[in-house]
$ cat query35.cif   # mmCIF, C-alpha atoms
data_upload
loop_
_atom_site.group_PDB
_atom_site.id
_atom_site.type_symbol
_atom_site.label_atom_id
_atom_site.label_comp_id
_atom_site.auth_asym_id
_atom_site.auth_seq_id
_atom_site.Cartn_x
_atom_site.Cartn_y
_atom_site.Cartn_z
ATOM 1 C CA MET A 1 -18.152 8.380 -7.380
ATOM 2 C CA LYS A 2 -16.303 5.388 -8.816
ATOM 3 C CA LEU A 3 -13.971 7.625 -10.799
ATOM 4 C CA LYS A 4 -12.834 9.350 -7.586
ATOM 5 C CA PHE A 5 -11.652 6.042 -6.169
ATOM 6 C CA ILE A 6 -9.865 5.046 -9.376
ATOM 7 C CA ILE A 7 -8.111 8.413 -9.669
ATOM 8 C CA SER A 8 -7.185 8.365 -5.971
ATOM 9 C CA GLY A 9 -5.656 4.905 -6.311
ATOM 10 C CA ILE A 10 -3.659 5.925 -9.360
ATOM 11 C CA LEU A 11 -2.548 9.152 -7.676
ATOM 12 C CA ILE A 12 -1.295 7.301 -4.587
ATOM 13 C CA ALA A 13 0.602 4.846 -6.801
ATOM 14 C CA VAL A 14 2.177 7.700 -8.792
ATOM 15 C CA ILE A 15 3.209 9.484 -5.593
ATOM 16 C CA GLY A 16 4.845 6.258 -4.412
ATOM 17 C CA LEU A 17 6.717 5.883 -7.702
ATOM 18 C CA VAL A 18 7.899 9.487 -7.650
ATOM 19 C CA LEU A 19 9.114 9.156 -4.059
ATOM 20 C CA SER A 20 10.872 5.881 -4.887
ATOM 21 C CA HIS A 21 12.746 7.586 -7.714
ATOM 22 C CA THR A 22 13.535 10.847 -5.910
ATOM 23 C CA TYR A 23 13.464 10.480 -2.132
ATOM 24 C CA ARG A 24 15.075 7.022 -1.981
ATOM 25 C CA PRO A 25 18.163 7.964 -4.069
ATOM 26 C CA TYR A 26 18.536 11.189 -2.084
ATOM 27 C CA VAL A 27 18.515 9.286 1.219
ATOM 28 C CA TYR A 28 20.988 6.695 -0.057
ATOM 29 C CA GLU A 29 23.382 9.231 -1.603
ATOM 30 C CA ASN A 30 23.448 11.376 1.527
ATOM 31 C CA HIS A 31 23.588 8.459 3.979
ATOM 32 C CA ILE A 32 20.533 9.671 5.874
ATOM 33 C CA ASN A 33 19.036 7.418 8.539
ATOM 34 C CA ASP A 34 15.288 7.718 7.934
ATOM 35 C CA PHE A 35 14.436 4.523 9.837
ATOM 36 C CA HIS A 36 13.947 2.507 6.600
ATOM 37 C CA LEU A 37 11.243 4.835 5.247
ATOM 38 C CA ALA A 38 13.015 5.105 1.888
ATOM 39 C CA ASP A 39 13.207 1.317 1.708
ATOM 40 C CA VAL A 40 9.493 0.738 2.235
ATOM 41 C CA ILE A 41 7.829 3.494 0.212
ATOM 42 C CA GLY A 42 6.327 0.990 -2.219
ATOM 43 C CA SER A 43 5.043 -1.163 0.616
ATOM 44 C CA ILE A 44 3.426 1.832 2.285
ATOM 45 C CA VAL A 45 1.415 2.845 -0.779
ATOM 46 C CA CYS A 46 0.683 -0.541 -2.383
ATOM 47 C CA VAL A 47 -2.403 -1.542 -0.388
ATOM 48 C CA PRO A 48 -4.140 1.864 -0.309
ATOM 49 C CA ALA A 49 -3.500 2.372 -4.038
ATOM 50 C CA ALA A 50 -4.746 -1.087 -4.983
ATOM 51 C CA VAL A 51 -7.786 -0.974 -2.708
ATOM 52 C CA LEU A 52 -8.979 2.399 -3.974
ATOM 53 C CA PHE A 53 -8.339 1.472 -7.591
ATOM 54 C CA PHE A 54 -10.116 -1.881 -7.466
ATOM 55 C CA TYR A 55 -12.963 -0.560 -5.299
ATOM 56 C CA GLY A 56 -13.531 2.092 -7.950
ATOM 57 C CA ILE A 57 -13.662 -0.563 -10.659
ATOM 58 C CA ASP A 58 -15.843 -3.056 -8.771
ATOM 59 C CA ASN A 59 -17.418 -2.112 -5.449
ATOM 60 C CA ARG A 60 -19.332 -5.321 -4.776
ATOM 61 C CA TYR A 61 -16.794 -5.962 -1.999
ATOM 62 C CA SER A 62 -16.309 -3.601 0.910
ATOM 63 C CA ILE A 63 -13.232 -1.480 1.531
ATOM 64 C CA LYS A 64 -12.532 -3.747 4.506
ATOM 65 C CA GLN A 65 -12.610 -6.883 2.337
ATOM 66 C CA TYR A 66 -10.383 -5.320 -0.305
ATOM 67 C CA THR A 67 -7.962 -4.120 2.388
ATOM 68 C CA ILE A 68 -7.689 -7.584 3.953
ATOM 69 C CA LYS A 69 -7.251 -9.256 0.564
ATOM 70 C CA GLY A 70 -4.728 -6.676 -0.587
ATOM 71 C CA THR A 71 -2.709 -7.025 2.602
ATOM 72 C CA ILE A 72 -2.580 -10.806 2.249
ATOM 73 C CA VAL A 73 -1.610 -10.608 -1.435
ATOM 74 C CA TYR A 74 1.207 -8.114 -0.885
ATOM 75 C CA ILE A 75 2.593 -10.006 2.106
ATOM 76 C CA ALA A 76 2.515 -13.221 0.057
ATOM 77 C CA TYR A 77 4.258 -11.353 -2.763
ATOM 78 C CA GLU A 78 6.967 -10.280 -0.325
ATOM 79 C CA PHE A 79 7.476 -13.903 0.753
ATOM 80 C CA LEU A 80 8.313 -14.808 -2.858
ATOM 81 C CA GLY A 81 11.703 -13.264 -2.111
ATOM 82 C CA LEU A 82 12.476 -16.217 0.155
ATOM 83 C CA PHE A 83 12.233 -18.496 -2.864
ATOM 84 C CA HIS A 84 14.172 -16.117 -5.137
ATOM 85 C CA ILE A 85 11.081 -15.710 -7.326
ATOM 86 C CA HIS A 86 10.831 -11.965 -6.760
ATOM 87 C CA GLY A 87 13.315 -9.502 -5.319
ATOM 88 C CA THR A 88 14.522 -9.970 -1.785
ATOM 89 C CA PHE A 89 12.591 -10.782 1.349
ATOM 90 C CA ASP A 90 12.463 -7.842 3.747
ATOM 91 C CA VAL A 91 10.665 -7.948 7.077
ATOM 92 C CA TYR A 92 10.473 -4.125 7.090
ATOM 93 C CA ASP A 93 8.296 -4.313 3.976
ATOM 94 C CA ILE A 94 5.895 -6.682 5.711
ATOM 95 C CA ILE A 95 5.704 -4.402 8.740
ATOM 96 C CA ALA A 96 5.083 -1.407 6.451
ATOM 97 C CA ILE A 97 2.309 -3.259 4.589
ATOM 98 C CA ILE A 98 0.535 -4.151 7.828
ATOM 99 C CA ILE A 99 0.867 -0.694 9.378
ATOM 100 C CA SER A 100 -0.187 1.154 6.219
ATOM 101 C CA SER A 101 -3.169 -1.188 5.773
ATOM 102 C CA LEU A 102 -4.347 -0.559 9.335
ATOM 103 C CA LEU A 103 -3.849 3.198 9.010
ATOM 104 C CA PHE A 104 -5.567 3.252 5.623
ATOM 105 C CA TYR A 105 -8.588 1.363 6.920
ATOM 106 C CA GLY A 106 -8.715 3.587 10.011
ATOM 107 C CA ILE A 107 -8.708 6.679 7.802
ATOM 108 C CA CYS A 108 -11.490 5.175 5.676
ATOM 109 C CA VAL A 109 -13.589 4.568 8.805
ATOM 110 C CA TRP A 110 -12.846 8.074 10.057
ATOM 111 C CA LEU A 111 -13.839 9.609 6.703
ATOM 112 C CA ARG A 112 -16.914 7.344 6.592
ATOM 113 C CA ILE A 113 -16.131 5.898 3.163
ATOM 114 C CA VAL A 114 -16.323 2.327 4.423
ATOM 115 C CA ASN A 115 -19.266 0.406 3.066
ATOM 116 C CA THR A 116 -20.238 -1.724 6.074
ATOM 117 C CA GLN A 117 -23.293 -3.465 4.624
ATOM 118 C CA LYS A 118 -21.253 -5.701 2.310
#

$ encode --input "query35.cif" --output "structure tokens"
Amino acid sequence: MKLKFIISGILIAVIGLVLSHTYRPYVYENHINDFHLADVIGSIVCVPAAVLFFYGIDNRYSIKQYTIKGTIVYIAYEFLGLFHIHGTFDVYDIIAIIISSLLFYGICVWLRIVNTQK
């Protein structure tokens, strides 16, 4: 069971990387307005990928706890751009992190893979 979570996390991260290196350049080169989707691909996949990966490694915390912690960490990471420590600050990335975290957790509840007793 643990291996499924680890593989799923890695697969989501790989899909995000592939889309960042294929879809994003295509959108930019063709001047397509995709409502910032190409800009936030990494922010959409970061929390689900990290949560599944780390839950597969160590499931003493619940999916909910990992999702909350992951969301906080990635938002904090985005704020590093304000201090020129990492990349650039982008409010669309923060919105994408929050929305993808909520959707991810909702899907986990719907699929009944949330461990509520932790």

$ residues_around --input "query35.cif" --residues "Ile97 in chain A" --least-positions-apart "4" --cutoff "10 Å" --atoms "only C-alpha atoms" --output "list in words"
Val40, Ile41, Gly42, Ser43, Ile44, Val45, Cys46, Val47, Pro48, Gly70, Thr71, Ile72, Tyr74, Ile75, Glu78, Val91, Tyr92, Asp93, Ser101, Leu102 and Leu103 of chain A

$ residues_near_point --input "query35.cif" --point "(-9.1, 3.7, -7.0)" --cutoff "8 Å" --atoms "only C-alpha atoms" --output "list of chain:residue names"
A:Lys2, A:Leu3, A:Lys4, A:Phe5, A:Ile6, A:Ile7, A:Ser8, A:Gly9, A:Ile10, A:Ala49, A:Ala50, A:Val51, A:Leu52, A:Phe53, A:Phe54, A:Tyr55, A:Gly56, A:Ile57

$ axis_aligned_box --input "query35.cif" --around "range 6-23 of chain A" --padding-each-side "6 Å" --output "lines of an AutoDock Vina configuration file"
center_x = 1.8
center_y = 7.8
center_z = -5.9
size_x = 35.4
size_y = 18.0
size_z = 19.5

$ resolve_selection --input "query35.cif" --expression "the PyMOL selection byres ((chain A and resi 20) around 9)" --output "NGL selection string"
:A and (15-19 or 21-25 or 38-42)

$ atom_distance --input "query35.cif" --atom1 "CA of Gly81 in chain A" --atom2 "CA of Phe35 in chain A"
21.6 Å

$ atom_distance --input "query35.cif" --atom1 "CA of Asp90 in chain A" --atom2 "CA of Cys108 in chain A"
27.3 Å

$ atom_distance --input "query35.cif" --atom1 "CA of Asp58 in chain A" --atom2 "CA of Ala96 in chain A"
25.9 Å

$ residues_around --input "query35.cif" --residues "Phe79 in chain A" --least-positions-apart "6" --cutoff "9 Å" --atoms "all atoms listed in the file" --output "VMD selection string"
chain A and resid 86 88 to 90 94

$ closest_residue --input "query35.cif" --among "A:Lys64, A:Val73, A:Phe104, A:Val27" --to "Ile12 in chain A" --atoms "all atoms listed in the file"
A:Phe104

$ decode --input "query35.cif" --residues "range 37-52 of chain A" --atoms "all heavy atoms" --output "compact mmCIF listing (two decimals), in the first residue's frame"
# COMPACT_ATOMS: atom_id res chain seq x y z
N LEU A 37 -2.66 29.18 -16.40
CA LEU A 37 -2.47 27.76 -16.11
C LEU A 37 -1.03 27.33 -16.37
O LEU A 37 -0.43 26.62 -15.56
CB LEU A 37 -3.43 26.90 -16.92
CG LEU A 37 -3.38 25.41 -16.66
CD1 LEU A 37 -3.74 25.11 -15.21
CD2 LEU A 37 -4.30 24.66 -17.59
N ALA A 38 -0.45 27.78 -17.45
CA ALA A 38 0.93 27.41 -17.77
C ALA A 38 1.90 27.95 -16.72
O ALA A 38 2.93 27.32 -16.45
CB ALA A 38 1.32 27.93 -19.15
N ASP A 39 1.56 29.07 -16.13
CA ASP A 39 2.44 29.68 -15.13
C ASP A 39 2.43 28.94 -13.80
O ASP A 39 3.39 29.03 -13.04
CB ASP A 39 2.02 31.14 -14.87
CG ASP A 39 2.07 31.99 -16.12
OD1 ASP A 39 2.95 31.74 -16.96
OD2 ASP A 39 1.24 32.91 -16.24
N VAL A 40 1.35 28.25 -13.50
CA VAL A 40 1.18 27.67 -12.16
C VAL A 40 1.18 26.14 -12.14
O VAL A 40 0.77 25.55 -11.14
CB VAL A 40 -0.10 28.22 -11.48
CG1 VAL A 40 -0.01 29.72 -11.29
CG2 VAL A 40 -1.34 27.84 -12.25
N ILE A 41 1.64 25.52 -13.19
CA ILE A 41 1.63 24.05 -13.24
C ILE A 41 2.36 23.45 -12.04
O ILE A 41 1.85 22.55 -11.38
CB ILE A 41 2.25 23.53 -14.55
CG1 ILE A 41 1.34 23.87 -15.72
CG2 ILE A 41 2.49 22.03 -14.49
CD1 ILE A 41 1.97 23.63 -17.08
N GLY A 42 3.53 23.96 -11.73
CA GLY A 42 4.29 23.45 -10.58
C GLY A 42 3.55 23.63 -9.28
O GLY A 42 3.58 22.76 -8.40
N SER A 43 2.87 24.75 -9.13
CA SER A 43 2.12 25.02 -7.91
C SER A 43 0.87 24.15 -7.79
O SER A 43 0.41 23.87 -6.69
CB SER A 43 1.73 26.50 -7.85
OG SER A 43 2.88 27.30 -7.79
N ILE A 44 0.34 23.73 -8.91
CA ILE A 44 -0.83 22.85 -8.89
C ILE A 44 -0.45 21.45 -8.41
O ILE A 44 -1.17 20.82 -7.66
CB ILE A 44 -1.49 22.79 -10.28
CG1 ILE A 44 -2.13 24.15 -10.60
CG2 ILE A 44 -2.53 21.68 -10.35
CD1 ILE A 44 -2.63 24.27 -12.02
N VAL A 45 0.69 20.96 -8.84
CA VAL A 45 1.06 19.57 -8.53
C VAL A 45 1.93 19.42 -7.28
O VAL A 45 2.07 18.31 -6.78
CB VAL A 45 1.78 18.90 -9.73
CG1 VAL A 45 0.89 18.89 -10.96
CG2 VAL A 45 3.12 19.53 -10.01
N CYS A 46 2.49 20.51 -6.76
CA CYS A 46 3.47 20.37 -5.68
C CYS A 46 2.90 19.74 -4.42
O CYS A 46 3.51 18.82 -3.86
CB CYS A 46 4.15 21.71 -5.37
SG CYS A 46 3.08 22.99 -4.72
N VAL A 47 1.76 20.21 -3.95
CA VAL A 47 1.20 19.66 -2.71
C VAL A 47 0.73 18.22 -2.88
O VAL A 47 1.12 17.35 -2.09
CB VAL A 47 0.10 20.57 -2.13
CG1 VAL A 47 -0.59 19.91 -0.94
CG2 VAL A 47 0.67 21.92 -1.72
N PRO A 48 -0.08 17.90 -3.89
CA PRO A 48 -0.48 16.50 -4.04
C PRO A 48 0.71 15.55 -4.19
O PRO A 48 0.72 14.47 -3.58
CB PRO A 48 -1.34 16.49 -5.30
CG PRO A 48 -1.85 17.88 -5.42
CD PRO A 48 -0.78 18.76 -4.87
N ALA A 49 1.70 15.94 -4.96
CA ALA A 49 2.88 15.07 -5.15
C ALA A 49 3.61 14.86 -3.84
O ALA A 49 3.97 13.74 -3.48
CB ALA A 49 3.81 15.68 -6.20
N ALA A 50 3.85 15.94 -3.11
CA ALA A 50 4.58 15.83 -1.84
C ALA A 50 3.80 15.05 -0.80
O ALA A 50 4.36 14.21 -0.10
CB ALA A 50 4.91 17.23 -1.32
N VAL A 51 2.51 15.31 -0.70
CA VAL A 51 1.69 14.62 0.30
C VAL A 51 1.67 13.12 0.05
O VAL A 51 1.90 12.33 0.96
CB VAL A 51 0.25 15.19 0.33
CG1 VAL A 51 -0.67 14.32 1.16
CG2 VAL A 51 0.25 16.62 0.85
N LEU A 52 1.42 12.72 -1.17
CA LEU A 52 1.37 11.29 -1.48
C LEU A 52 2.73 10.63 -1.26
O LEU A 52 2.81 9.53 -0.70
CB LEU A 52 0.89 11.06 -2.91
CG LEU A 52 -0.58 11.40 -3.16
CD1 LEU A 52 -0.89 11.33 -4.64
CD2 LEU A 52 -1.49 10.49 -2.36
